[in-house]
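This is input.tsv (TSV, C-alpha atoms).
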```tsv
chain	number	residue	atom	x	y	z
A	5	MET	CA	-20.26	-0.60	-9.98
A	6	PHE	CA	-16.60	-0.82	-10.89
A	7	THR	CA	-14.89	2.24	-9.45
A	8	GLY	CA	-13.53	1.73	-5.95
A	9	ALA	CA	-13.78	5.10	-4.28
A	10	SER	CA	-17.41	5.46	-5.40
A	11	GLN	CA	-18.28	1.99	-4.09
A	12	PHE	CA	-16.70	2.77	-0.72
A	13	ALA	CA	-18.46	6.14	-0.59
A	14	LEU	CA	-21.86	4.62	-1.38
A	15	VAL	CA	-21.43	1.99	1.32
A	16	GLY	CA	-19.91	4.52	3.74
A	17	VAL	CA	-22.75	7.03	3.47
A	18	LEU	CA	-25.47	4.36	3.58
A	19	GLY	CA	-23.72	2.62	6.49
A	20	ALA	CA	-23.62	5.90	8.43
A	21	GLY	CA	-27.40	6.16	8.05
A	22	GLY	CA	-27.28	8.62	5.16
A	23	ALA	CA	-30.07	9.19	2.67
A	24	PRO	CA	-29.91	7.22	-0.61
A	25	VAL	CA	-29.74	10.44	-2.63
A	26	ALA	CA	-26.71	11.66	-0.64
A	27	ALA	CA	-25.04	8.26	-1.07
A	28	VAL	CA	-25.55	8.22	-4.84
A	29	ALA	CA	-24.45	11.85	-5.18
A	30	SER	CA	-21.21	11.15	-3.29
A	31	ALA	CA	-20.51	8.13	-5.48
A	32	VAL	CA	-21.18	10.15	-8.64
A	33	LEU	CA	-18.98	13.07	-7.55
A	34	LEU	CA	-16.12	10.66	-6.89
A	35	GLY	CA	-16.70	8.90	-10.22
A	36	ALA	CA	-16.72	12.14	-12.23
A	37	ARG	CA	-12.95	12.00	-12.78
A	38	ASN	CA	-13.49	8.83	-14.83
A	39	THR	CA	-15.12	11.05	-17.48
A	40	LEU	CA	-11.83	12.93	-17.83
A	41	TYR	CA	-9.96	9.62	-18.09
A	42	GLY	CA	-12.39	8.56	-20.81
A	43	LEU	CA	-11.66	11.73	-22.77
A	44	ARG	CA	-7.93	11.00	-22.53
A	45	LEU	CA	-8.38	7.37	-23.62
A	46	ALA	CA	-10.97	7.88	-26.36
A	47	ALA	CA	-8.50	8.60	-29.19
A	48	PRO	CA	-5.90	5.88	-28.51
A	49	LEU	CA	-8.46	3.16	-27.72
A	50	ASP	CA	-10.62	4.17	-30.70
A	51	VAL	CA	-13.51	1.84	-29.87
A	52	ARG	CA	-17.06	2.05	-31.24
A	53	GLY	CA	-20.45	0.50	-30.58
A	54	PHE	CA	-20.47	-2.65	-28.44
A	55	ARG	CA	-16.71	-2.60	-27.90
A	56	ARG	CA	-16.95	0.94	-26.60
A	57	ALA	CA	-19.73	-0.06	-24.20
A	58	VAL	CA	-17.52	-2.84	-22.80
A	59	ALA	CA	-14.35	-0.74	-22.72
A	60	ALA	CA	-16.14	2.07	-20.88
A	61	HIS	CA	-16.69	-0.20	-17.89
A	62	ALA	CA	-12.96	-0.33	-17.23
A	63	VAL	CA	-12.23	3.43	-17.31
A	64	ILE	CA	-10.71	3.86	-13.83
A	65	ASP	CA	-7.57	5.22	-12.12
A	66	GLU	CA	-5.48	2.10	-12.54
A	67	THR	CA	-6.28	1.25	-16.15
A	68	THR	CA	-5.75	4.87	-17.22
A	69	ALA	CA	-2.39	5.01	-15.45
A	70	MET	CA	-1.21	1.73	-16.98
A	71	ALA	CA	-2.51	2.57	-20.46
A	72	LEU	CA	-1.03	6.07	-20.61
A	73	ALA	CA	2.36	4.73	-19.45
A	74	ALA	CA	2.55	2.42	-22.47
A	75	PRO	CA	5.01	3.46	-25.22
A	76	THR	CA	2.92	2.45	-28.26
A	77	THR	CA	-0.76	2.40	-29.15
A	78	ALA	CA	-0.77	-1.40	-29.37
A	79	ALA	CA	0.87	-1.69	-25.94
A	80	LEU	CA	-1.60	0.86	-24.60
A	81	ARG	CA	-4.58	-1.22	-25.71
A	82	LEU	CA	-3.06	-4.40	-24.33
A	83	ALA	CA	-2.20	-2.73	-21.01
A	84	TYR	CA	-5.73	-1.34	-20.80
A	85	ALA	CA	-7.37	-4.70	-21.48
A	86	VAL	CA	-5.14	-6.75	-19.15
A	87	THR	CA	-5.30	-4.26	-16.27
A	88	GLY	CA	-9.04	-3.83	-16.67
A	89	LEU	CA	-9.86	-7.53	-16.79
A	90	SER	CA	-7.61	-8.62	-13.92
A	91	LEU	CA	-8.79	-5.79	-11.65
A	92	PHE	CA	-12.42	-6.44	-12.57
A	93	LEU	CA	-12.18	-10.10	-11.56
A	94	GLY	CA	-10.12	-9.49	-8.41
A	95	TRP	CA	-12.25	-6.61	-7.23
A	96	ASN	CA	-15.60	-8.28	-7.65
A	97	LEU	CA	-14.48	-11.60	-6.16
A	98	SER	CA	-13.20	-9.66	-3.13
A	99	THR	CA	-16.49	-7.77	-2.86
A	100	LEU	CA	-18.37	-11.09	-2.93
A	101	ALA	CA	-16.08	-12.57	-0.27
A	102	GLY	CA	-16.68	-9.49	1.90
A	103	ALA	CA	-20.44	-9.70	1.49
A	104	LEU	CA	-20.54	-13.41	2.37
A	105	GLY	CA	-17.94	-13.24	5.14
A	106	SER	CA	-19.10	-10.23	7.19
A	107	GLY	CA	-21.85	-12.21	8.93
A	108	LEU	CA	-19.24	-14.48	10.51
A	109	LEU	CA	-17.42	-11.65	12.29
A	110	GLY	CA	-17.36	-11.28	16.07
A	111	ASP	CA	-17.44	-8.06	18.11
A	112	SER	CA	-13.76	-7.14	18.08
A	113	ALA	CA	-13.54	-7.93	14.38
A	114	GLN	CA	-16.43	-5.51	13.90
A	115	VAL	CA	-14.52	-2.82	15.81
A	116	ALA	CA	-11.47	-3.49	13.66
A	117	LEU	CA	-13.54	-3.26	10.49
A	118	ASP	CA	-15.04	0.07	11.59
A	119	ALA	CA	-11.49	1.44	11.83
A	120	VAL	CA	-10.43	-0.06	8.51
A	121	VAL	CA	-12.95	2.05	6.58
A	122	PRO	CA	-11.53	5.53	7.39
A	123	ALA	CA	-8.01	4.10	7.03
A	124	ALA	CA	-8.90	2.91	3.53
A	125	PHE	CA	-10.15	6.36	2.56
A	126	LEU	CA	-6.97	7.91	3.98
A	127	ALA	CA	-4.83	5.48	1.99
A	128	LEU	CA	-6.77	6.36	-1.19
A	129	LEU	CA	-6.25	10.05	-0.44
A	130	TRP	CA	-2.56	9.69	0.46
A	131	PRO	CA	-0.93	9.93	-3.00
A	132	ARG	CA	-2.76	13.21	-3.61
A	133	LEU	CA	-1.61	14.62	-0.26
A	134	ARG	CA	1.99	13.69	-0.99
A	135	HIS	CA	2.22	15.18	-4.45
A	136	SER	CA	0.15	18.34	-4.44
A	137	GLY	CA	-0.11	21.28	-2.08
A	138	THR	CA	-3.41	22.29	-3.66
A	139	ASP	CA	-4.81	18.85	-2.89
A	140	ARG	CA	-3.71	19.23	0.72
A	141	VAL	CA	-5.55	22.54	1.07
A	142	VAL	CA	-8.67	21.17	-0.58
A	143	ALA	CA	-8.55	18.00	1.54
A	144	ALA	CA	-8.19	19.99	4.76
A	145	GLY	CA	-11.11	22.17	3.69
A	146	GLY	CA	-13.22	19.14	2.84
A	147	ALA	CA	-12.51	17.50	6.20
A	148	LEU	CA	-13.33	20.71	8.08
A	149	ILE	CA	-16.59	21.28	6.19
A	150	ALA	CA	-17.64	17.68	6.85
A	151	LEU	CA	-16.94	17.87	10.60
A	152	VAL	CA	-18.62	21.25	11.05
A	153	LEU	CA	-21.72	20.17	9.14
A	154	THR	CA	-22.08	16.72	10.74
A	155	PRO	CA	-24.27	17.86	13.68
A	156	VAL	CA	-26.30	20.15	11.42
A	157	VAL	CA	-27.23	18.31	8.21
A	158	ALA	CA	-28.67	14.86	7.48
A	159	PRO	CA	-26.05	12.07	7.68
A	160	GLY	CA	-24.21	11.67	4.39
A	161	LEU	CA	-25.05	15.12	3.11
A	162	GLN	CA	-21.91	16.61	4.70
A	163	VAL	CA	-19.72	14.41	2.50
A	164	MET	CA	-21.37	15.74	-0.65
A	165	LEU	CA	-21.23	19.35	0.53
A	166	ALA	CA	-17.52	18.97	1.29
A	167	ALA	CA	-16.97	19.08	-2.48
A	168	ALA	CA	-17.36	22.86	-2.10
A	169	ALA	CA	-13.80	22.84	-0.72
A	170	VAL	CA	-12.64	22.58	-4.35
A	171	GLY	CA	-13.41	26.29	-4.51
A	172	LEU	CA	-10.37	26.88	-2.26
A	173	ALA	CA	-8.13	25.96	-5.18
A	174	PHE	CA	-9.53	28.86	-7.19
A	175	VAL	CA	-9.33	31.49	-4.46
A	176	GLY	CA	-6.60	33.97	-5.30
A	177	SER	CA	-5.82	32.35	-8.65
A	178	ARG	CA	-8.43	34.44	-10.45
A	179	ARG	CA	-6.70	37.52	-11.71
B	18	MET	CA	-34.58	-0.56	-1.76
B	19	ILE	CA	-30.87	-0.96	-1.08
B	20	TRP	CA	-30.41	-2.72	-4.43
B	21	THR	CA	-32.20	0.10	-6.23
B	22	VAL	CA	-29.71	2.55	-4.73
B	23	VAL	CA	-26.79	0.31	-5.70
B	24	LEU	CA	-28.08	-0.09	-9.25
B	25	VAL	CA	-28.81	3.61	-9.74
B	26	ALA	CA	-25.36	4.57	-8.44
B	27	SER	CA	-23.73	1.88	-10.60
B	28	LEU	CA	-25.52	3.08	-13.71
B	29	CYS	CA	-24.55	6.69	-13.03
B	30	CYS	CA	-20.90	5.74	-12.50
B	31	TYR	CA	-20.89	3.70	-15.70
B	32	LEU	CA	-22.44	6.53	-17.72
B	33	LEU	CA	-19.77	8.94	-16.45
B	34	LYS	CA	-17.12	6.68	-17.99
B	35	TYR	CA	-19.06	6.13	-21.22
B	36	ILE	CA	-19.60	9.86	-21.72
B	37	GLY	CA	-15.83	10.35	-21.53
B	38	LEU	CA	-15.18	7.80	-24.27
B	39	ALA	CA	-18.04	8.99	-26.47
B	40	ALA	CA	-18.03	12.78	-26.06
B	41	PRO	CA	-16.24	15.21	-28.32
B	42	PRO	CA	-13.13	16.09	-26.26
B	43	ALA	CA	-13.70	19.86	-26.43
B	44	ILE	CA	-16.63	19.74	-24.01
B	45	LEU	CA	-14.68	19.00	-20.84
B	46	GLU	CA	-11.34	20.33	-21.99
B	47	ARG	CA	-11.76	23.71	-20.33
B	48	PRO	CA	-8.87	24.05	-17.85
B	49	ALA	CA	-11.03	25.20	-14.93
B	50	VAL	CA	-13.40	22.25	-15.36
B	51	ARG	CA	-10.51	19.79	-15.60
B	52	ARG	CA	-8.93	21.25	-12.49
B	53	ALA	CA	-12.13	21.21	-10.46
B	54	VAL	CA	-13.01	17.63	-11.40
B	55	GLY	CA	-9.45	16.56	-10.62
B	56	LEU	CA	-9.64	18.06	-7.14
B	57	VAL	CA	-13.08	16.80	-6.14
B	58	PRO	CA	-11.74	13.42	-4.93
B	59	ALA	CA	-9.36	15.15	-2.49
B	60	ALA	CA	-12.24	17.00	-0.83
B	61	LEU	CA	-14.61	14.03	-0.78
B	62	LEU	CA	-12.08	11.45	0.38
B	63	ALA	CA	-10.94	13.73	3.21
B	64	ALA	CA	-14.57	14.25	4.20
B	65	LEU	CA	-15.15	10.49	4.16
B	66	VAL	CA	-12.07	9.94	6.34
B	67	VAL	CA	-13.27	12.22	9.11
B	68	VAL	CA	-16.93	11.20	8.84
B	69	GLN	CA	-16.03	7.50	9.08
B	70	ALA	CA	-13.52	8.07	11.90
B	71	PHE	CA	-15.06	10.77	14.09
B	72	THR	CA	-18.84	10.67	13.70
B	73	ASP	CA	-21.73	8.46	14.70
B	74	GLY	CA	-24.93	9.59	13.03
B	75	SER	CA	-25.12	13.32	13.79
B	76	ALA	CA	-22.72	13.19	16.76
B	77	LEU	CA	-18.99	13.84	16.79
B	78	VAL	CA	-17.28	11.04	18.74
B	79	LEU	CA	-13.79	9.96	19.68
B	80	ASP	CA	-13.37	6.18	19.98
B	81	ALA	CA	-11.15	3.28	18.92
B	82	ARG	CA	-11.51	4.30	15.27
B	83	ALA	CA	-9.46	7.45	15.95
B	84	ALA	CA	-6.61	5.34	17.28
B	85	GLY	CA	-6.85	3.12	14.21
B	86	LEU	CA	-6.74	6.16	11.93
B	87	GLY	CA	-3.70	7.54	13.77
B	88	ALA	CA	-1.92	4.22	13.34
B	89	ALA	CA	-2.86	4.19	9.64
B	90	PHE	CA	-1.42	7.69	9.27
B	91	LEU	CA	1.90	6.55	10.76
B	92	ALA	CA	1.92	3.46	8.55
B	93	LEU	CA	1.37	5.66	5.47
B	94	LEU	CA	4.20	7.98	6.54
B	95	LEU	CA	6.42	4.89	6.65
B	96	ARG	CA	5.19	4.04	3.13
B	97	ALA	CA	3.44	0.85	4.13
B	98	PRO	CA	1.45	-0.83	1.33
B	99	PHE	CA	-2.36	-0.48	1.21
B	100	LEU	CA	-3.26	-3.81	2.82
B	101	LEU	CA	-0.76	-3.38	5.64
B	102	VAL	CA	-2.20	0.08	6.39
B	103	LEU	CA	-5.66	-1.46	6.75
B	104	LEU	CA	-4.36	-4.28	8.97
B	105	VAL	CA	-2.52	-1.81	11.21
B	106	ALA	CA	-5.64	0.35	11.54
B	107	GLY	CA	-7.92	-2.58	12.32
B	108	GLY	CA	-5.46	-4.19	14.73
B	109	THR	CA	-4.87	-0.95	16.64
B	110	ALA	CA	-8.59	-0.25	16.99
B	111	ALA	CA	-9.30	-3.80	18.22
B	112	LEU	CA	-6.45	-3.48	20.73
B	113	VAL	CA	-7.60	-0.10	22.03
B	114	ASN	CA	-11.16	-1.38	22.26
B	115	GLY	CA	-9.97	-4.43	24.20
B	116	LEU	CA	-8.08	-2.24	26.68
B	117	ALA	CA	-10.95	0.18	27.22
```

Represent the supplied structure as structure tokens.
Amino acid sequence: MFTGASQFALVGVLGAGGAPVAAVASAVLLGARNTLYGLRLAAPLDVRGFRRAVAAHAVIDETTAMALAAPTTAALRLAYAVTGLSLFLGWNLSTLAGALGSGLLGDSAQVALDAVVPAAFLALLWPRLRHSGTDRVVAAGGALIALVLTPVVAPGLQVMLAAAAVGLAFVGSRR
Amino acid sequence: MIWTVVLVASLCCYLLKYIGLAAPPAILERPAVRRAVGLVPAALLAALVVVQAFTDGSALVLDARAAGLGAAFLALLLRAPFLLVLLVAGGTAALVNGLA
């Protein structure tokens, strides 16, 4: 898996004792925006067959942002390839280091790590909160739904159901 | 078991990207669909924040993680970079836990 928010969500839901189906669904919902990125990138990248299969792996927030900021098609392809490859290596080496290193942690490091997870999600969410009022409303709704449902539904399911908060963005705009 | 879940989720996430590159653009170009898909991360990430900070299984709890999240919030307000935010959150939680 090479799409950060989905990876964190999968681990987060499973770590909280959630059902595998809920974990996968959360990861997929978070990864759905990559489909939109792919649609944006399809024409300028213009890749087919095997090259398309490889290029698809790198369709994420960062590569899309870097590619679409490039002034020419050639620069776009270069930016896409360089960003994709360097992030792919860095990300997966870090994941490996985390997997191998976590067994060595003591108690207070474990407490610290437990607090790092929600902080990481907040940091991922932050740019959206800063730039868009609609995102703030939807985020508040999502958080509220998740908290209210936590005692009621199976662990992990509340995260998935929080996606319903997207509906808030459409309330009042239909006329 | 756990690896099956990881592999299934990985495959799904990969296919989402591939579909974008391979599909005729018209399919997902409807404005409402674009808008909804663009907003889903805000809802899910916010849900993950509160679930990871304030819950334990099916219980709502308030512990050192809340202090860490508060510290992270302040760090983000001060425009701290990603890694620093995580360090601040972890350090604060460890400190609060040590005091308690």

For chain B versus chain A, which residues have an atom no more than 7 Å away, and what is each residue's nearest atom pair and distance in Å rounded to one decimal, using all atoms listed in the file, chain-then-number order, as a Markdown table?
```
| residue | atom | partner | partner_atom | distance |
| --- | --- | --- | --- | --- |
| B:Val22 | CA | A:Pro24 | CA | 6.2 |
| B:Ala26 | CA | A:Val28 | CA | 5.1 |
| B:Ser27 | CA | A:Met5 | CA | 4.3 |
| B:Cys29 | CA | A:Val32 | CA | 6.5 |
| B:Cys30 | CA | A:Gly35 | CA | 5.7 |
| B:Tyr31 | CA | A:His61 | CA | 6.1 |
| B:Leu33 | CA | A:Thr39 | CA | 5.2 |
| B:Lys34 | CA | A:Thr39 | CA | 4.8 |
| B:Tyr35 | CA | A:Ala60 | CA | 5.0 |
| B:Ile36 | CA | A:Thr39 | CA | 6.3 |
| B:Gly37 | CA | A:Gly42 | CA | 3.9 |
| B:Leu38 | CA | A:Gly42 | CA | 4.5 |
| B:Pro42 | CA | A:Leu43 | CA | 5.8 |
| B:Ala53 | CA | A:Val170 | CA | 6.3 |
| B:Val54 | CA | A:Arg37 | CA | 5.8 |
| B:Gly55 | CA | A:Arg37 | CA | 6.1 |
| B:Leu56 | CA | A:Val170 | CA | 6.1 |
| B:Val57 | CA | A:Ala167 | CA | 5.8 |
| B:Pro58 | CA | A:Leu34 | CA | 5.5 |
| B:Ala59 | CA | A:Ala143 | CA | 5.0 |
| B:Ala60 | CA | A:Gly146 | CA | 4.4 |
| B:Leu61 | CA | A:Ala167 | CA | 5.8 |
| B:Leu62 | CA | A:Phe125 | CA | 5.9 |
| B:Ala63 | CA | A:Ala147 | CA | 5.1 |
| B:Ala64 | CA | A:Ala147 | CA | 4.3 |
| B:Leu65 | CA | A:Val163 | CA | 6.2 |
| B:Val66 | CA | A:Pro122 | CA | 4.6 |
| B:Val67 | CA | A:Ala147 | CA | 6.1 |
| B:Val68 | CA | A:Ala150 | CA | 6.8 |
| B:Gln69 | CA | A:Pro122 | CA | 5.2 |
| B:Ala70 | CA | A:Pro122 | CA | 5.5 |
| B:Gly74 | CA | A:Pro159 | CA | 6.0 |
| B:Ser75 | CA | A:Pro155 | CA | 4.6 |
| B:Ala76 | CA | A:Pro155 | CA | 5.8 |
| B:Arg82 | CA | A:Ala119 | CA | 4.5 |
| B:Gly85 | CA | A:Ala119 | CA | 5.5 |
| B:Leu86 | CA | A:Ala123 | CA | 5.5 |
| B:Ala89 | CA | A:Ala123 | CA | 5.8 |
| B:Phe99 | CA | A:Ala127 | CA | 6.5 |
| B:Leu103 | CA | A:Val120 | CA | 5.3 |
| B:Ala106 | CA | A:Val120 | CA | 5.7 |
| B:Gly107 | CA | A:Ala116 | CA | 3.9 |
| B:Gly108 | CA | A:Ala116 | CA | 6.1 |
| B:Ala110 | CA | A:Ala116 | CA | 5.5 |
| B:Ala111 | CA | A:Ala116 | CA | 5.1 |
```

Quiz item: If you measure from atom CA of A:Thr77 to atom CA of B:Arg51, what distance in Å do you get, rounded to one decimal?
Solution: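 So the answer is 24.1 Å.
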
Quiz item: Expressed in Å to a single decimal, how great is the separation between atom CA of A:Ala101 and atom CA of B:Val105?
Solution: 20.8 Å

Practice problem: Would you mind reading off the distance between atom CA of A:Ala74 and atom CA of A:Pro48, one decimal, in Å? | Solution: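 Taking atom CA of A:Ala74 and atom CA of A:Pro48, their separation equals 10.9 Å.
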